[in-house]
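Participant: Can you keep this structure in mind? I'll have questions shortly.
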Amino acid sequence: PFTNLIFPDNMEKPVLYPINAANGAIVTRGFPLKSRDGERTDHPHHIGYWLNYESVNGLDFWNNSYAIPADRKAKYGWIRNVKITGTKSGAKTGEVSYTANWENQNKDILLKEETKFVFSGSNDTRTVDRVTTLTAQKDTVRFKDIKDGMVGLRLTKELEFASDKVEEFTDSQGNITKVAASGNGASGNYLTSEGKTGAGVWATRGTWCMLYGIKEGKPLSVAIIDHPKNPGYPTYWHARDYGLFAANPLGQEVFSNGKEKLNLTLKPGESVTFRYRMLITTNHEVAPETLNQQANAFSKIY
């Protein structure tokens, strides 16, 4: 199988998990749902492939997980009541669509979400196009300009950077997370459309970003491609060396050191749409020109 869309009641958001490459290699981290030997166990909210945000009317959707104590849960948000609204199978593509609510702890609805995934592939590739529309309900919704968002992946340990140090990260609620040194087999590196590489891609803009390495002796890469109709295009990359790979077009103040600012706001009934392509390639390396061609093709649809 390629992947599953999962949304159990004990999770705070719907995700694609696990995600497999065309040759069967598992692309996503297993923890916290199904841990694998040698994996890091930080950031339990990093599950598969997801879309949410750190500050929506002050609620933290990004960092919500089972690890948050009950007395602090009111500061967080949930994406609930997922309903499958359509599926489509074909010789070359498959589709699944759903609706969901972005809610607070009392289940008051801030946003209605409509998402469509389009899946395709070849002998060596798997492609996921995601189109997500968020519509404000009875209240004005403000996405505070902040670091953690918007579309994210947590990837297999082989795509982490080799590291012998422990790092600490603090979220908007003041929670400190320690990330252990990477284990054996870490071989990851980043490349963006602007030629940025390594850890230097963080807080830079680009039409696409690719994380690549070696798994089970074969090249493996995952690329995220932005769309020119998205807010904040080309996106800033919230791409870390420990396996978090995210695009955040709304955190401009953080990533520009205060030179830019967004604070996207939706009045009741207003909508915003986010469009992303994920390209997973195995068995051979991917040239920048291939990703430029993918980005050009993606820009002409949705």
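Labels used: A, B, ... for chains in the order of the structure tokens, numbers from 1 for residues in each chain, and numbers from 1 for ligands as shown.
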Just list the residues in segment 43-218 of chain A DSSP gives strand (DSSP E) on the backbone, as a PyMOL selection string.
Facilitator: chain A and resi 49-53+78-89+93-103+109-121+125-136+141-143+149-154+167-170+176-179+189-192+208-215+218
Participant: Excluding same-chain residues fewer than 2 positions from segment 57-60 of chain A, what lies within 12 Å of it counting only C-alpha atoms, as a PyMOL selection string?
Facilitator: chain A and resi 12+45+52-55+62-65+68+72-79+102-105+108-111+136+139-150+171-174+263-266
Participant: List the spatial neighbours of segment 212-227 of chain A as a PDB file with C-alpha atoms, in the first residue's frame - criterion: any atom at most 6 Å away, only C-alpha atoms, same-chain residues fewer than 5 positions off excluded.
Facilitator:
```pdb
ATOM      1  CA  GLU A 158      17.650   7.604   7.357  1.00  0.00           C
ATOM      2  CA  LEU A 159      16.593  11.059   6.105  1.00  0.00           C
ATOM      3  CA  SER A 187      22.221  10.387   5.578  1.00  0.00           C
ATOM      4  CA  GLY A 188      19.848  13.292   4.955  1.00  0.00           C
ATOM      5  CA  ASN A 189      20.450  16.596   3.212  1.00  0.00           C
ATOM      6  CA  THR A 207       9.286  27.098  -4.769  1.00  0.00           C
ATOM      7  CA  ARG A 275      -2.074  23.595  -2.389  1.00  0.00           C
ATOM      8  CA  TYR A 276       0.993  21.366  -2.092  1.00  0.00           C
ATOM      9  CA  ARG A 277       2.585  18.566  -4.091  1.00  0.00           C
ATOM     10  CA  MET A 278       4.702  15.901  -2.411  1.00  0.00           C
ATOM     11  CA  LEU A 279       6.971  13.874  -4.700  1.00  0.00           C
ATOM     12  CA  ILE A 280       8.638  10.725  -3.331  1.00  0.00           C
ATOM     13  CA  THR A 281      11.339   9.152  -5.499  1.00  0.00           C
ATOM     14  CA  THR A 282      13.407   6.037  -4.951  1.00  0.00           C
ATOM     15  CA  ASN A 283      16.113   4.057  -6.767  1.00  0.00           C
ATOM     16  CA  HIS A 284      17.657   7.130  -8.413  1.00  0.00           C
ATOM     17  CA  SER A 299       1.329  25.555 -10.997  1.00  0.00           C
TER      18      SER A 299
END
```
Participant: So, counting only C-alpha atoms, which residue among A:Ala246, A:Met11, A:Val272, A:Cys209 is closest to Ala295 of chain A?
Facilitator: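 For Ala295 of chain A, the nearest of the candidates is A:Cys209.
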Participant: Using only C-alpha atoms, which of A:Tyr190, A:Phe245, A:Tyr236, A:Phe298 sits nearest Val128 of chain A?
Facilitator: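 That would be A:Phe298, the residue with the smallest distance to Val128 of chain A.
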Participant: Between A:Ser35, A:Ser122, A:Thr135, A:Asn292, which residue has the minimum interatomic distance to Thr192 of chain A, considering only C-alpha atoms?
Facilitator: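 Smallest separation from Thr192 of chain A among the options: A:Asn292.
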Participant: Got a sec: who's within 9 Å of Val118 of chain A, counting only C-alpha atoms, leaving out chain neighbours fewer than 5 positions off, as a ChimeraX atom specification?
Facilitator: /A:93-97,127-131
Participant: For the residues in the current selection, export N, CA and C atoms as a compact mmCIF listing (two decimals), in the first residue's frame.
Facilitator:
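Generated output (part-v5.txt):
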```
# COMPACT_ATOMS: atom_id res chain seq x y z
N THR A 93 -4.59 7.58 -11.44
CA THR A 93 -4.72 8.40 -10.24
C THR A 93 -5.82 7.85 -9.33
N GLY A 94 -5.73 8.24 -8.07
CA GLY A 94 -6.78 7.97 -7.10
C GLY A 94 -7.01 9.21 -6.28
N GLU A 95 -8.22 9.38 -5.75
CA GLU A 95 -8.55 10.57 -4.98
C GLU A 95 -9.32 10.20 -3.72
N VAL A 96 -9.14 11.01 -2.68
CA VAL A 96 -9.98 10.93 -1.50
C VAL A 96 -10.18 12.35 -0.99
N SER A 97 -11.41 12.66 -0.61
CA SER A 97 -11.75 13.98 -0.10
C SER A 97 -12.42 13.84 1.26
N THR A 127 3.34 10.36 -5.89
CA THR A 127 3.00 11.78 -5.83
C THR A 127 1.69 11.96 -5.07
N VAL A 128 1.68 12.95 -4.17
CA VAL A 128 0.46 13.32 -3.45
C VAL A 128 0.23 14.82 -3.65
N ASP A 129 -0.87 15.16 -4.28
CA ASP A 129 -1.31 16.56 -4.36
C ASP A 129 -2.35 16.78 -3.28
N ARG A 130 -2.14 17.84 -2.50
CA ARG A 130 -3.08 18.18 -1.43
C ARG A 130 -3.66 19.56 -1.71
N VAL A 131 -4.99 19.66 -1.65
CA VAL A 131 -5.68 20.95 -1.77
C VAL A 131 -6.60 21.08 -0.56
```
Participant: Mind the document's chain letters and residue numbers, and return as a PyMOL selection string the residues of segment 11-199 of chain A that DSSP labels helix (DSSP H, G or I).
Facilitator: chain A and resi 70-75+157-159+198-199
Participant: Print the selection's residues with C-alpha atoms to a file, as a PDB file, in the first residue's frame.
Facilitator:
```pdb
ATOM      1  CA  ALA A  70      -5.152  17.662  30.861  1.00  0.00           C
ATOM      2  CA  ASP A  71      -4.911  20.944  32.765  1.00  0.00           C
ATOM      3  CA  ARG A  72      -3.236  22.582  29.737  1.00  0.00           C
ATOM      4  CA  LYS A  73      -5.383  21.129  26.961  1.00  0.00           C
ATOM      5  CA  ALA A  74      -7.661  24.176  26.787  1.00  0.00           C
ATOM      6  CA  LYS A  75      -4.803  26.100  25.144  1.00  0.00           C
ATOM      7  CA  LYS A 157      15.645   8.247  10.525  1.00  0.00           C
ATOM      8  CA  GLU A 158      17.650   7.604   7.357  1.00  0.00           C
ATOM      9  CA  LEU A 159      16.593  11.059   6.105  1.00  0.00           C
ATOM     10  CA  GLY A 198      21.759  21.515   4.444  1.00  0.00           C
ATOM     11  CA  ALA A 199      20.542  23.201   7.613  1.00  0.00           C
TER      12      ALA A 199
END
```
Participant: Choose the residue, out of A:Phe2, A:Phe7, A:Phe255, A:Tyr242, that has the smallest atom-to-atom separation from His43 of chain A; count only C-alpha atoms.
Facilitator: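 Among the listed residues, A:Tyr242 lies closest to His43 of chain A.
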Participant: With only C-alpha atoms as the atoms that count, which of A:Val27, A:Leu5, A:Ala297, A:Ala67 lies nearest to Lys116 of chain A?
Facilitator: A:Leu5
Participant: For Glu113 of chain A, work out the shell of residues within 6 Å, counting only C-alpha atoms and skipping chain neighbours fewer than 3 positions away, then give it as a list in words.
Facilitator: Thr99, Ala100, Asn101, Thr133 and Leu134 of chain A
Participant: Can I get the selected residues back with C-alpha atoms, as a compact mmCIF listing (two decimals), in the first residue's frame?
Facilitator:
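Written out: selection39.txt:
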```txt
# COMPACT_ATOMS: atom_id res chain seq x y z
CA THR A 99 -14.35 17.60 5.54
CA ALA A 100 -13.39 18.39 9.13
CA ASN A 101 -13.79 21.02 11.84
CA THR A 133 -9.61 25.06 1.91
CA LEU A 134 -10.24 26.59 5.34
```
Participant: Nearest to Asp124 of chain A among A:Asn23, A:Gln294, A:Lys300, A:Asn81, with distances taken over only C-alpha atoms: which residue is it?
Facilitator: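 Of all the options, A:Asn23 lies closest to Asp124 of chain A.
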